[in-house]
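Asks: Here you go, one structure.
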Amino acid sequence: MDNKMNEGLTGVEQHDDSMAGTIDQAKMKFSKIVNSRSYTRFNQSQNPDGESSRVEVKLSVEGEEEEEMDGTEQGHVQRDAYMRSSHSRPLNKWRILVCVGVVLAVFCVGLLIGYSVSRKSESPSCSSPDGVQPTQKVLQPTQKVPQPTQKVQPNQDVQPIYDVSDPSMDWSDLVKLLSDKLSSKAIEDNLSVYSQRDRNAGSSVDNKLGDNIHSIFTKLNMEPWVDEHYVKLQHPNSAKPNKVRFGSEEIGSPRGFLAYSETGEKEGRVVYANYGELADLQTVQDGEYKVNLNGSVVLMRAGKISMAQKVMNAAKMGAVAALIYPDPADYKTSEEFDLYGHVHLGSGDPYTPGFPSFNHTQFAPAKSSGLPEILAQTITIDMAKKIFAKMGGKDAPDHFKGGFLSYKLGSETDKVAISVNNNLVDTKIHNVFGVIKGYVDPDRYVVIGAQRDSLSWGYAKSAVGTSLLLELARVFTELKKDGFKPKRSIVFASWTAGDFGNVGVTEWLEGYWSSIDRKAFTYISLDGVVTGVGSFRASASPLLHTLLQNTLKKVKNPVSGSSLLQSYGDLSSLLTPMQMDDAAYPFLAFSGIPSVSFSFVSSQATADYKFFGTDKDDNNKLNLVTEGKVVELSLLAAQVAGQMALRLVHDHILKLDITKYSSVINEQVHAIIAGVNTLKDDKVDKIESLSTEWLNEAKGSFSRAAASLATDLKNSDLNDIETCRILNNRIMKVEHNLLSPYVSLRDVPFRHIFFGNGWQTANDLEKYLKDVHVKKARFDIDQVLNKFALFTWNIQGCANDLAGDIWALDNEI
């Protein structure tokens, strides 16, 4: 298109220049005719391109050398080589009139020729392959149109395609088509393929499934591409298995393992610490039991918090090793099965923290601060039963007790030795992508993703999500063929190495972190979307709460006929905080991209799906807990994800609700101010020098900026593409601007001040003030002032960017 437009524009410029030159010459010569005698020559010539004629009038004052400008952009001088002399004769009135008439005729002929050529050359640019009509906006000559084969890469700037035609179907038609096209048979077929055993990240099975997804995206004309990373993954050593001993007796050699555990052998006093939450460990060590955990082996039951959190908590208490087992009371079974997981309290390759693991990446040797650096191993129910049977010491608290007959905290003579011999292996992994490009803003995209690998069966963990990913890709492609024109792009992503701590996701984000937040405006996770029946649970950025709520109002429960929101309750009761092991968490807390994950769950809170990371996560178990409704619930999950994605690429303005963050900021600021006031009541030394005025002003600035945006949306012409793009850019920046710019990406990767992890968060500041109040921490005024200043300016900076233009900023602070 660029070439055609350039050719047309060049033709117009040439003929406009020719006509302008002719007119200028005529004006000059007319002046000379009425003032002097002259030499005259008329010349009519054809342009070399044959597009138009050119008529020249050459006039020269007697006794002067003639110099004339051609009138072209080059501005070169042409000298008339042909001069004809005539004798001076009296000026004739009729001759003057004839000359004037000729000049006027030349002017009219030039004007007609130029207009005709201009119309001819402009006609190709009045329509485009995308159907832009002459009355619509078209690209300016300096704007570049992406070629059809162009991929939407995270670090690539693509100019918008100005096709302002509305989609050929309205929203209700689009939702109905989505529902009609989703196929339970297609989902069943996908489940049988993507639930294969031994699909460990980087394995031949995993690579084969990745190739298969690439082929499907190719058939759907989604222009797929592959993102390769070279990461360090840890696996058991088949020649030297891990072992657990109680005294001199070998308890067993479990098949399950915890990736990124320290290797070697450690022995220590075994101490039972329930779920391994900090409160549990403090009960054992600091409560009435006074059990010293330094140098101990801590035995913990699986559940409530992640395995990485359990191991890190044990390491903080001075333990040398950790054992994690499935308690019969939690899993409602006495069957033997192994547990799989990792101990990295973070995400991504822990040996390249903050950096992408591309091939030949050369960084100084480093480790993530999220590695606990103690030995960690999972054991089976039977192995745990043997250990408990041998343990002595005091009886455990009642709330520590589970499905065994005896629960002791352990005596000083109860010694357990752990041998961990895992191998750290450099592994090549592949993330696979496909894209359905938008027609207006192709460089803005929503990402829909699912993990495909698993250390066990991974039926609920990854097979269901991958099946829905491919089904949604098929359906969205068909919607586009039926006439739907998404304004923005939709990227479909198949991740790997998810069971090692969202390695594939995080490495991709690290690889393009400098630009991806300016292009990806939402992430929708399909991992673990079906784990039960009877209720619904979601974790999401506040920006997506309204969209999620409206979607749940529209999707119908096939049993009752009512909406999912009516069936499961109001949204606030369905929302839970996003956990670090959630695949959506790196998008939100690392990259500042609004993210959402959700799941159909059991209606009983105590009956949550326990089999993630076990070899019981198979088809039989998931069908059992869902009452045989795996496919039916998968279809509902596809509708929820599909409708959210469609709404985000269908409307002129992004459906991200800024006002929800006003509520979050108000709540957090009020809690912090309350903590300060409590310390002032306590007469804490130097607390009077701490003012909360600026923090209040920053909170007010954000609220006013959000209100200003709402006003701009009401008063703007939303059919104007550039206006919409400017407004959407302001909305997109909000989440990213809540990442703290004052902490190191390498040391504190999850920089979000509300949902991140580290000293920069509002929760950390609030907790510190509470700890000072209960005498658990000493008040450090310099530390508090620093945290207050950085937290305040983070909110103010976000408000400034949301306000828009520099002259619209709120400077009251």
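For the structure tokens, the naming scheme is as follows: chains receive sequential letters (A, B, ...) according to their order of presentation, residues are indexed from 1 within each chain, and ligands are indexed from 1 in presentation order.
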Which of segment 157-291 of chain A counts as strand (DSSP E) under DSSP, as an MDAnalysis selection string please?

Replies: chainID A and resid 225:235 243:246 249:252 258:259 264:272

Asks: Write the residues of the preceding selection, restricted to N, CA and C atoms, as a PDB file, in the first residue's frame.

Replies:
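After the write, part.pdb holds the following:
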ATOM      1  N   TRP A 225       4.872 -18.329  15.999  1.00  0.00           N
ATOM      2  CA  TRP A 225       6.325 -18.218  16.199  1.00  0.00           C
ATOM      3  C   TRP A 225       6.680 -18.900  17.515  1.00  0.00           C
ATOM      4  N   VAL A 226       7.966 -19.159  17.685  1.00  0.00           N
ATOM      5  CA  VAL A 226       8.456 -19.883  18.855  1.00  0.00           C
ATOM      6  C   VAL A 226       9.475 -19.018  19.589  1.00  0.00           C
ATOM      7  N   ASP A 227       9.372 -19.014  20.905  1.00  0.00           N
ATOM      8  CA  ASP A 227      10.310 -18.278  21.744  1.00  0.00           C
ATOM      9  C   ASP A 227      11.147 -19.305  22.517  1.00  0.00           C
ATOM     10  N   GLU A 228      12.437 -19.354  22.236  1.00  0.00           N
ATOM     11  CA  GLU A 228      13.320 -20.351  22.855  1.00  0.00           C
ATOM     12  C   GLU A 228      14.070 -19.761  24.045  1.00  0.00           C
ATOM     13  N   HIS A 229      14.221 -20.594  25.072  1.00  0.00           N
ATOM     14  CA  HIS A 229      15.010 -20.191  26.239  1.00  0.00           C
ATOM     15  C   HIS A 229      15.856 -21.369  26.687  1.00  0.00           C
ATOM     16  N   TYR A 230      16.979 -21.058  27.267  1.00  0.00           N
ATOM     17  CA  TYR A 230      17.894 -22.078  27.797  1.00  0.00           C
ATOM     18  C   TYR A 230      17.949 -21.890  29.312  1.00  0.00           C
ATOM     19  N   VAL A 231      17.253 -22.769  30.032  1.00  0.00           N
ATOM     20  CA  VAL A 231      17.065 -22.577  31.470  1.00  0.00           C
ATOM     21  C   VAL A 231      17.666 -23.736  32.252  1.00  0.00           C
ATOM     22  N   LYS A 232      17.848 -23.525  33.532  1.00  0.00           N
ATOM     23  CA  LYS A 232      18.342 -24.573  34.424  1.00  0.00           C
ATOM     24  C   LYS A 232      17.157 -25.197  35.148  1.00  0.00           C
ATOM     25  N   LEU A 233      16.946 -26.487  34.904  1.00  0.00           N
ATOM     26  CA  LEU A 233      15.882 -27.240  35.556  1.00  0.00           C
ATOM     27  C   LEU A 233      16.508 -28.365  36.379  1.00  0.00           C
ATOM     28  N   GLN A 234      15.885 -28.669  37.511  1.00  0.00           N
ATOM     29  CA  GLN A 234      16.438 -29.702  38.386  1.00  0.00           C
ATOM     30  C   GLN A 234      15.556 -30.947  38.362  1.00  0.00           C
ATOM     31  N   HIS A 235      16.215 -32.118  38.230  1.00  0.00           N
ATOM     32  CA  HIS A 235      15.512 -33.405  38.184  1.00  0.00           C
ATOM     33  C   HIS A 235      16.221 -34.395  39.105  1.00  0.00           C
ATOM     34  N   LYS A 243      16.947 -40.072  49.452  1.00  0.00           N
ATOM     35  CA  LYS A 243      16.586 -41.004  50.524  1.00  0.00           C
ATOM     36  C   LYS A 243      16.290 -40.261  51.814  1.00  0.00           C
ATOM     37  N   VAL A 244      15.468 -40.923  52.659  1.00  0.00           N
ATOM     38  CA  VAL A 244      15.138 -40.398  53.981  1.00  0.00           C
ATOM     39  C   VAL A 244      15.367 -41.514  54.999  1.00  0.00           C
ATOM     40  N   ARG A 245      16.071 -41.189  56.109  1.00  0.00           N
ATOM     41  CA  ARG A 245      16.328 -42.159  57.173  1.00  0.00           C
ATOM     42  C   ARG A 245      15.881 -41.581  58.518  1.00  0.00           C
ATOM     43  N   PHE A 246      15.365 -42.463  59.357  1.00  0.00           N
ATOM     44  CA  PHE A 246      15.082 -42.106  60.750  1.00  0.00           C
ATOM     45  C   PHE A 246      16.063 -42.892  61.600  1.00  0.00           C
ATOM     46  N   GLU A 249      17.373 -46.420  60.394  1.00  0.00           N
ATOM     47  CA  GLU A 249      16.371 -47.096  59.557  1.00  0.00           C
ATOM     48  C   GLU A 249      16.044 -46.238  58.333  1.00  0.00           C
ATOM     49  N   GLU A 250      16.082 -46.873  57.170  1.00  0.00           N
ATOM     50  CA  GLU A 250      15.719 -46.149  55.942  1.00  0.00           C
ATOM     51  C   GLU A 250      14.204 -46.096  55.817  1.00  0.00           C
ATOM     52  N   ILE A 251      13.682 -44.888  55.697  1.00  0.00           N
ATOM     53  CA  ILE A 251      12.230 -44.690  55.564  1.00  0.00           C
ATOM     54  C   ILE A 251      11.783 -44.925  54.131  1.00  0.00           C
ATOM     55  N   GLY A 252      12.595 -44.539  53.159  1.00  0.00           N
ATOM     56  CA  GLY A 252      12.225 -44.777  51.776  1.00  0.00           C
ATOM     57  C   GLY A 252      12.958 -43.869  50.802  1.00  0.00           C
ATOM     58  N   LEU A 258      11.356 -31.980  45.002  1.00  0.00           N
ATOM     59  CA  LEU A 258      11.166 -30.537  44.991  1.00  0.00           C
ATOM     60  C   LEU A 258      12.329 -29.902  44.233  1.00  0.00           C
ATOM     61  N   ALA A 259      12.037 -29.356  43.073  1.00  0.00           N
ATOM     62  CA  ALA A 259      13.079 -28.757  42.232  1.00  0.00           C
ATOM     63  C   ALA A 259      13.721 -27.568  42.938  1.00  0.00           C
ATOM     64  N   GLY A 264      22.890 -32.618  48.727  1.00  0.00           N
ATOM     65  CA  GLY A 264      23.801 -33.088  49.771  1.00  0.00           C
ATOM     66  C   GLY A 264      23.046 -33.903  50.799  1.00  0.00           C
ATOM     67  N   GLU A 265      23.599 -34.013  51.987  1.00  0.00           N
ATOM     68  CA  GLU A 265      22.966 -34.786  53.061  1.00  0.00           C
ATOM     69  C   GLU A 265      23.020 -33.985  54.354  1.00  0.00           C
ATOM     70  N   LYS A 266      21.877 -33.928  55.045  1.00  0.00           N
ATOM     71  CA  LYS A 266      21.789 -33.225  56.325  1.00  0.00           C
ATOM     72  C   LYS A 266      21.027 -34.099  57.323  1.00  0.00           C
ATOM     73  N   GLU A 267      21.438 -33.982  58.595  1.00  0.00           N
ATOM     74  CA  GLU A 267      20.750 -34.697  59.663  1.00  0.00           C
ATOM     75  C   GLU A 267      20.434 -33.716  60.783  1.00  0.00           C
ATOM     76  N   GLY A 268      19.294 -33.882  61.398  1.00  0.00           N
ATOM     77  CA  GLY A 268      18.914 -33.006  62.491  1.00  0.00           C
ATOM     78  C   GLY A 268      17.710 -33.536  63.228  1.00  0.00           C
ATOM     79  N   ARG A 269      17.394 -32.876  64.309  1.00  0.00           N
ATOM     80  CA  ARG A 269      16.214 -33.239  65.090  1.00  0.00           C
ATOM     81  C   ARG A 269      14.965 -32.983  64.259  1.00  0.00           C
ATOM     82  N   VAL A 270      14.079 -33.971  64.178  1.00  0.00           N
ATOM     83  CA  VAL A 270      12.852 -33.801  63.420  1.00  0.00           C
ATOM     84  C   VAL A 270      11.804 -33.136  64.300  1.00  0.00           C
ATOM     85  N   VAL A 271      11.159 -32.082  63.747  1.00  0.00           N
ATOM     86  CA  VAL A 271      10.142 -31.319  64.471  1.00  0.00           C
ATOM     87  C   VAL A 271       8.917 -31.186  63.566  1.00  0.00           C
ATOM     88  N   TYR A 272       7.750 -31.514  64.117  1.00  0.00           N
ATOM     89  CA  TYR A 272       6.507 -31.390  63.348  1.00  0.00           C
ATOM     90  C   TYR A 272       5.958 -29.973  63.491  1.00  0.00           C
TER      91      TYR A 272
END

Asks: Considering only C-alpha atoms, return as a list of chain:residue names whatever protein or nucleic-acid residues lie within 8 Å of segment 507-521 of chain A, sequence-local ones (same chain, fewer than 2 positions apart) excluded.

Replies: A:Pro154, A:Asn155, A:Asp227, A:His229, A:Gly348, A:Asp349, A:Gly354, A:Phe355, A:Pro356, A:Ser357, A:Phe358, A:Asp443, A:Arg444, A:Tyr445, A:Val446, A:Val447, A:Val503, A:Gly504, A:Val505, A:Tyr523, A:Pro586, A:Phe587, A:Ser591, A:Gly592, A:Ile593, A:Pro594, A:Met732, A:Lys733, A:His736

Asks: Please write the residues from the selection above to a file, keeping N, CA, C and O atoms, as an mmCIF file, in the first residue's frame.

Replies:
data_model
loop_
_atom_site.group_PDB
_atom_site.id
_atom_site.type_symbol
_atom_site.label_atom_id
_atom_site.label_comp_id
_atom_site.auth_asym_id
_atom_site.auth_seq_id
_atom_site.Cartn_x
_atom_site.Cartn_y
_atom_site.Cartn_z
ATOM 1 N N PRO A 154 6.588 -8.499 20.953
ATOM 2 C CA PRO A 154 6.494 -7.593 22.092
ATOM 3 C C PRO A 154 7.370 -6.364 21.970
ATOM 4 O O PRO A 154 7.045 -5.320 22.506
ATOM 5 N N ASN A 155 8.506 -6.457 21.296
ATOM 6 C CA ASN A 155 9.421 -5.329 21.228
ATOM 7 C C ASN A 155 9.354 -4.600 19.894
ATOM 8 O O ASN A 155 10.257 -3.907 19.510
ATOM 9 N N ASP A 227 9.372 -19.014 20.905
ATOM 10 C CA ASP A 227 10.310 -18.278 21.744
ATOM 11 C C ASP A 227 11.147 -19.305 22.517
ATOM 12 O O ASP A 227 10.614 -20.049 23.334
ATOM 13 N N HIS A 229 14.221 -20.594 25.072
ATOM 14 C CA HIS A 229 15.010 -20.191 26.239
ATOM 15 C C HIS A 229 15.856 -21.369 26.687
ATOM 16 O O HIS A 229 15.484 -22.538 26.506
ATOM 17 N N GLY A 348 10.321 -18.022 37.300
ATOM 18 C CA GLY A 348 11.383 -17.951 36.307
ATOM 19 C C GLY A 348 12.589 -18.771 36.709
ATOM 20 O O GLY A 348 12.608 -19.444 37.751
ATOM 21 N N ASP A 349 13.603 -18.730 35.866
ATOM 22 C CA ASP A 349 14.853 -19.437 36.138
ATOM 23 C C ASP A 349 15.553 -18.745 37.313
ATOM 24 O O ASP A 349 15.961 -17.586 37.208
ATOM 25 N N GLY A 354 15.866 -11.771 37.072
ATOM 26 C CA GLY A 354 15.697 -10.472 36.438
ATOM 27 C C GLY A 354 16.168 -10.394 35.006
ATOM 28 O O GLY A 354 16.000 -9.370 34.349
ATOM 29 N N PHE A 355 16.752 -11.493 34.483
ATOM 30 C CA PHE A 355 17.270 -11.496 33.120
ATOM 31 C C PHE A 355 16.678 -12.669 32.341
ATOM 32 O O PHE A 355 16.406 -13.725 32.910
ATOM 33 N N PRO A 356 16.524 -12.528 31.030
ATOM 34 C CA PRO A 356 16.004 -13.644 30.224
ATOM 35 C C PRO A 356 17.078 -14.685 29.971
ATOM 36 O O PRO A 356 18.248 -14.352 29.770
ATOM 37 N N SER A 357 16.689 -15.944 29.953
ATOM 38 C CA SER A 357 17.641 -17.036 29.701
ATOM 39 C C SER A 357 17.691 -17.355 28.216
ATOM 40 O O SER A 357 17.337 -18.458 27.781
ATOM 41 N N PHE A 358 18.106 -16.382 27.419
ATOM 42 C CA PHE A 358 18.293 -16.629 25.997
ATOM 43 C C PHE A 358 19.601 -17.389 25.780
ATOM 44 O O PHE A 358 20.461 -17.447 26.661
ATOM 45 N N ASP A 443 -0.853 -3.429 17.290
ATOM 46 C CA ASP A 443 0.266 -3.512 18.229
ATOM 47 C C ASP A 443 -0.187 -3.435 19.682
ATOM 48 O O ASP A 443 0.624 -3.292 20.587
ATOM 49 N N ARG A 444 -1.475 -3.530 19.926
ATOM 50 C CA ARG A 444 -2.031 -3.634 21.274
ATOM 51 C C ARG A 444 -2.725 -4.988 21.356
ATOM 52 O O ARG A 444 -3.515 -5.322 20.487
ATOM 53 N N TYR A 445 -2.435 -5.756 22.402
ATOM 54 C CA TYR A 445 -2.999 -7.112 22.403
ATOM 55 C C TYR A 445 -3.311 -7.629 23.797
ATOM 56 O O TYR A 445 -2.710 -7.237 24.789
ATOM 57 N N VAL A 446 -4.335 -8.474 23.832
ATOM 58 C CA VAL A 446 -4.652 -9.268 25.009
ATOM 59 C C VAL A 446 -3.989 -10.627 24.815
ATOM 60 O O VAL A 446 -3.965 -11.159 23.706
ATOM 61 N N VAL A 447 -3.406 -11.171 25.873
ATOM 62 C CA VAL A 447 -2.740 -12.473 25.804
ATOM 63 C C VAL A 447 -3.596 -13.501 26.547
ATOM 64 O O VAL A 447 -3.994 -13.272 27.691
ATOM 65 N N VAL A 503 8.375 -20.814 34.724
ATOM 66 C CA VAL A 503 9.642 -20.442 34.094
ATOM 67 C C VAL A 503 9.417 -19.893 32.684
ATOM 68 O O VAL A 503 9.944 -18.838 32.319
ATOM 69 N N GLY A 504 8.638 -20.603 31.863
ATOM 70 C CA GLY A 504 8.418 -20.154 30.490
ATOM 71 C C GLY A 504 7.775 -18.785 30.420
ATOM 72 O O GLY A 504 8.193 -17.923 29.629
ATOM 73 N N VAL A 505 6.749 -18.559 31.250
ATOM 74 C CA VAL A 505 6.065 -17.267 31.279
ATOM 75 C C VAL A 505 7.035 -16.154 31.655
ATOM 76 O O VAL A 505 7.144 -15.121 30.981
ATOM 77 N N TYR A 523 -3.777 -10.060 30.595
ATOM 78 C CA TYR A 523 -3.442 -11.478 30.479
ATOM 79 C C TYR A 523 -4.573 -12.291 31.104
ATOM 80 O O TYR A 523 -5.010 -12.020 32.229
ATOM 81 N N PRO A 586 3.137 -13.279 37.536
ATOM 82 C CA PRO A 586 4.254 -12.525 36.950
ATOM 83 C C PRO A 586 3.792 -11.391 36.033
ATOM 84 O O PRO A 586 4.436 -10.339 35.980
ATOM 85 N N PHE A 587 2.695 -11.613 35.296
ATOM 86 C CA PHE A 587 2.183 -10.545 34.440
ATOM 87 C C PHE A 587 1.790 -9.336 35.279
ATOM 88 O O PHE A 587 2.092 -8.187 34.932
ATOM 89 N N SER A 591 5.415 -7.425 35.508
ATOM 90 C CA SER A 591 5.338 -6.577 34.317
ATOM 91 C C SER A 591 4.299 -5.472 34.403
ATOM 92 O O SER A 591 4.253 -4.604 33.536
ATOM 93 N N GLY A 592 3.447 -5.485 35.416
ATOM 94 C CA GLY A 592 2.442 -4.434 35.524
ATOM 95 C C GLY A 592 1.395 -4.505 34.443
ATOM 96 O O GLY A 592 0.958 -3.481 33.909
ATOM 97 N N ILE A 593 0.940 -5.731 34.118
ATOM 98 C CA ILE A 593 -0.104 -5.946 33.111
ATOM 99 C C ILE A 593 -1.338 -6.497 33.828
ATOM 100 O O ILE A 593 -1.234 -7.510 34.532
ATOM 101 N N PRO A 594 -2.498 -5.873 33.698
ATOM 102 C CA PRO A 594 -3.707 -6.384 34.352
ATOM 103 C C PRO A 594 -3.947 -7.852 33.989
ATOM 104 O O PRO A 594 -3.923 -8.205 32.811
ATOM 105 N N MET A 732 -3.947 2.135 29.948
ATOM 106 C CA MET A 732 -2.989 1.026 29.970
ATOM 107 C C MET A 732 -1.824 1.260 30.923
ATOM 108 O O MET A 732 -1.236 0.317 31.449
ATOM 109 N N LYS A 733 -1.472 2.512 31.150
ATOM 110 C CA LYS A 733 -0.284 2.816 31.949
ATOM 111 C C LYS A 733 -0.502 2.672 33.447
ATOM 112 O O LYS A 733 0.469 2.619 34.208
ATOM 113 N N HIS A 736 1.108 -0.489 35.158
ATOM 114 C CA HIS A 736 2.571 -0.418 35.088
ATOM 115 C C HIS A 736 3.124 0.644 36.031
ATOM 116 O O HIS A 736 4.184 0.456 36.638
#

Asks: So which one's closest to Val529 of chain A, A:Val601, A:Val743, A:Leu409, A:Leu547? Using only C-alpha atoms, please.

Replies: A:Val601

Asks: Of the candidates A:Ala376, A:Ala589, A:Ala707, A:Leu455, which one gets nearest to Thr506 of chain A if we count only C-alpha atoms?

Replies: A:Ala589

Asks: Skip segment 402-405 of chain A itself and residues of its chain fewer than 3 positions away, then list as a list of chain:residue names all residues within 7 Å of it, counting only C-alpha atoms.

Replies: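 Answer for this query is A:Asp327, A:Pro328, A:Ala329.
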
Asks: For the selection you just gave me, I'd like the residues written to a file as an mmCIF file, in the first residue's frame, keeping all heavy atoms.

Replies:
data_model
loop_
_atom_site.group_PDB
_atom_site.id
_atom_site.type_symbol
_atom_site.label_atom_id
_atom_site.label_comp_id
_atom_site.auth_asym_id
_atom_site.auth_seq_id
_atom_site.Cartn_x
_atom_site.Cartn_y
_atom_site.Cartn_z
ATOM 1 N N ASP A 327 -1.237 -35.221 54.089
ATOM 2 C CA ASP A 327 -1.931 -35.800 55.240
ATOM 3 C C ASP A 327 -3.260 -36.420 54.795
ATOM 4 O O ASP A 327 -3.994 -35.815 54.002
ATOM 5 C CB ASP A 327 -2.190 -34.730 56.293
ATOM 6 C CG ASP A 327 -2.536 -35.311 57.642
ATOM 7 O OD1 ASP A 327 -3.689 -35.744 57.830
ATOM 8 O OD2 ASP A 327 -1.638 -35.357 58.507
ATOM 9 N N PRO A 328 -3.571 -37.632 55.310
ATOM 10 C CA PRO A 328 -4.834 -38.289 54.913
ATOM 11 C C PRO A 328 -6.062 -37.441 55.204
ATOM 12 O O PRO A 328 -7.063 -37.537 54.482
ATOM 13 C CB PRO A 328 -4.828 -39.575 55.753
ATOM 14 C CG PRO A 328 -3.409 -39.814 56.090
ATOM 15 C CD PRO A 328 -2.770 -38.468 56.200
ATOM 16 N N ALA A 329 -6.002 -36.598 56.228
ATOM 17 C CA ALA A 329 -7.161 -35.765 56.560
ATOM 18 C C ALA A 329 -7.424 -34.718 55.481
ATOM 19 O O ALA A 329 -8.575 -34.323 55.260
ATOM 20 C CB ALA A 329 -6.938 -35.083 57.908
#

Asks: Excluding segment 675-687 of chain A and its own-chain neighbours fewer than 5 positions away, which residues fall within 10 Å of it when counting only C-alpha atoms? Please give them as a list in words.

Replies: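 In the requested form, the answer reads Val669, His670, Thr692, Leu765, Glu766, Lys767, Tyr768, Leu769, Lys770, Asp771, Val772, His773, Arg778, Phe779, Asp780, Ile781, Asp782 and Val784 of chain A.
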
Asks: For those residues, write N, CA, C and O atoms to a file as a short mmCIF file (atom, residue, chain, number, x, y, z; two decimals), in the first residue's frame.

Replies:
data_model
loop_
_atom_site.label_atom_id
_atom_site.label_comp_id
_atom_site.auth_asym_id
_atom_site.auth_seq_id
_atom_site.Cartn_x
_atom_site.Cartn_y
_atom_site.Cartn_z
N VAL A 669 -4.28 3.43 52.03
CA VAL A 669 -3.82 4.67 52.65
C VAL A 669 -4.48 4.87 54.02
O VAL A 669 -3.81 5.27 54.99
N HIS A 670 -5.75 4.58 54.12
CA HIS A 670 -6.44 4.71 55.41
C HIS A 670 -5.84 3.77 56.44
O HIS A 670 -5.68 4.14 57.63
N THR A 692 1.40 12.52 57.44
CA THR A 692 0.67 11.74 56.43
C THR A 692 -0.02 12.64 55.41
O THR A 692 -0.81 12.17 54.60
N LEU A 765 4.61 -1.94 54.66
CA LEU A 765 4.63 -0.74 55.49
C LEU A 765 3.57 -0.84 56.60
O LEU A 765 3.85 -0.51 57.77
N GLU A 766 2.40 -1.31 56.25
CA GLU A 766 1.34 -1.46 57.24
C GLU A 766 1.73 -2.47 58.32
O GLU A 766 1.52 -2.25 59.52
N LYS A 767 2.33 -3.60 57.90
CA LYS A 767 2.75 -4.62 58.86
C LYS A 767 3.84 -4.09 59.79
O LYS A 767 3.85 -4.39 60.99
N TYR A 768 4.77 -3.31 59.23
CA TYR A 768 5.85 -2.75 60.05
C TYR A 768 5.29 -1.86 61.15
O TYR A 768 5.71 -1.93 62.32
N LEU A 769 4.32 -1.03 60.82
CA LEU A 769 3.72 -0.15 61.82
C LEU A 769 3.01 -0.96 62.91
O LEU A 769 3.07 -0.61 64.09
N LYS A 770 2.37 -2.06 62.51
CA LYS A 770 1.71 -2.92 63.49
C LYS A 770 2.73 -3.62 64.39
O LYS A 770 2.51 -3.77 65.60
N ASP A 771 3.84 -4.05 63.79
CA ASP A 771 4.89 -4.73 64.58
C ASP A 771 5.50 -3.78 65.60
O ASP A 771 5.83 -4.19 66.72
N VAL A 772 5.66 -2.50 65.23
CA VAL A 772 6.17 -1.53 66.18
C VAL A 772 5.19 -1.37 67.34
O VAL A 772 5.59 -1.27 68.52
N HIS A 773 3.92 -1.36 67.02
CA HIS A 773 2.88 -1.19 68.05
C HIS A 773 2.89 -2.33 69.06
O HIS A 773 2.73 -2.09 70.27
N ARG A 778 11.54 -2.40 66.24
CA ARG A 778 11.97 -1.10 66.76
C ARG A 778 11.66 -0.03 65.72
O ARG A 778 11.87 -0.23 64.54
N PHE A 779 11.15 1.11 66.19
CA PHE A 779 10.78 2.17 65.28
C PHE A 779 12.02 2.89 64.77
O PHE A 779 12.82 3.42 65.54
N ASP A 780 12.17 2.90 63.44
CA ASP A 780 13.29 3.58 62.78
C ASP A 780 12.70 4.69 61.91
O ASP A 780 12.15 4.44 60.84
N ILE A 781 12.80 5.93 62.39
CA ILE A 781 12.15 7.04 61.70
C ILE A 781 12.69 7.25 60.30
O ILE A 781 11.94 7.57 59.37
N ASP A 782 14.00 7.07 60.11
CA ASP A 782 14.58 7.25 58.77
C ASP A 782 14.03 6.22 57.79
O ASP A 782 13.72 6.54 56.63
N VAL A 784 11.14 4.65 57.98
CA VAL A 784 9.73 4.92 57.74
C VAL A 784 9.56 6.12 56.81
O VAL A 784 8.73 6.11 55.90
#

Asks: Looking at only C-alpha atoms, which of A:Asn274, A:Thr466, A:Thr427, A:Thr614 is the one that sits closest to Ser204 of chain A?

Replies: A:Thr427

Asks: If you count only C-alpha atoms, which residues fall within 8 Å of Val311 of chain A, apart from same-chain ones fewer than 5 positions away, as a list in words?

Replies: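 In the requested form, the answer reads Gly276, Ala322, Val343, Pro372, Ile374 and Ala376 of chain A.
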
Asks: Would you save the residues from that selection as a compact mmCIF listing (two decimals), in the first residue's frame, using N, CA and C atoms?

Replies:
# COMPACT_ATOMS: atom_id res chain seq x y z
N GLY A 276 3.38 -25.46 58.22
CA GLY A 276 4.59 -24.69 57.97
C GLY A 276 4.37 -23.21 57.78
N ALA A 322 13.80 -29.70 55.08
CA ALA A 322 12.34 -29.71 55.20
C ALA A 322 11.78 -30.95 54.53
N VAL A 343 10.92 -25.26 45.16
CA VAL A 343 11.10 -24.47 46.38
C VAL A 343 11.47 -23.02 46.09
N PRO A 372 15.69 -20.93 49.08
CA PRO A 372 15.88 -21.03 50.53
C PRO A 372 17.23 -21.60 50.95
N ILE A 374 18.24 -24.62 51.61
CA ILE A 374 18.27 -25.77 52.52
C ILE A 374 17.75 -26.98 51.75
N ALA A 376 15.31 -29.96 50.73
CA ALA A 376 13.85 -30.11 50.79
C ALA A 376 13.45 -31.33 49.97

Asks: My list of candidates is A:Ser203, A:Ser740, A:Gln451, A:Ser172. Which is closest to Thr761 of chain A when distances are computed with only C-alpha atoms?

Replies: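 Nearest candidate to Thr761 of chain A out of A:Ser203, A:Ser740, A:Gln451, A:Ser172: A:Ser740.
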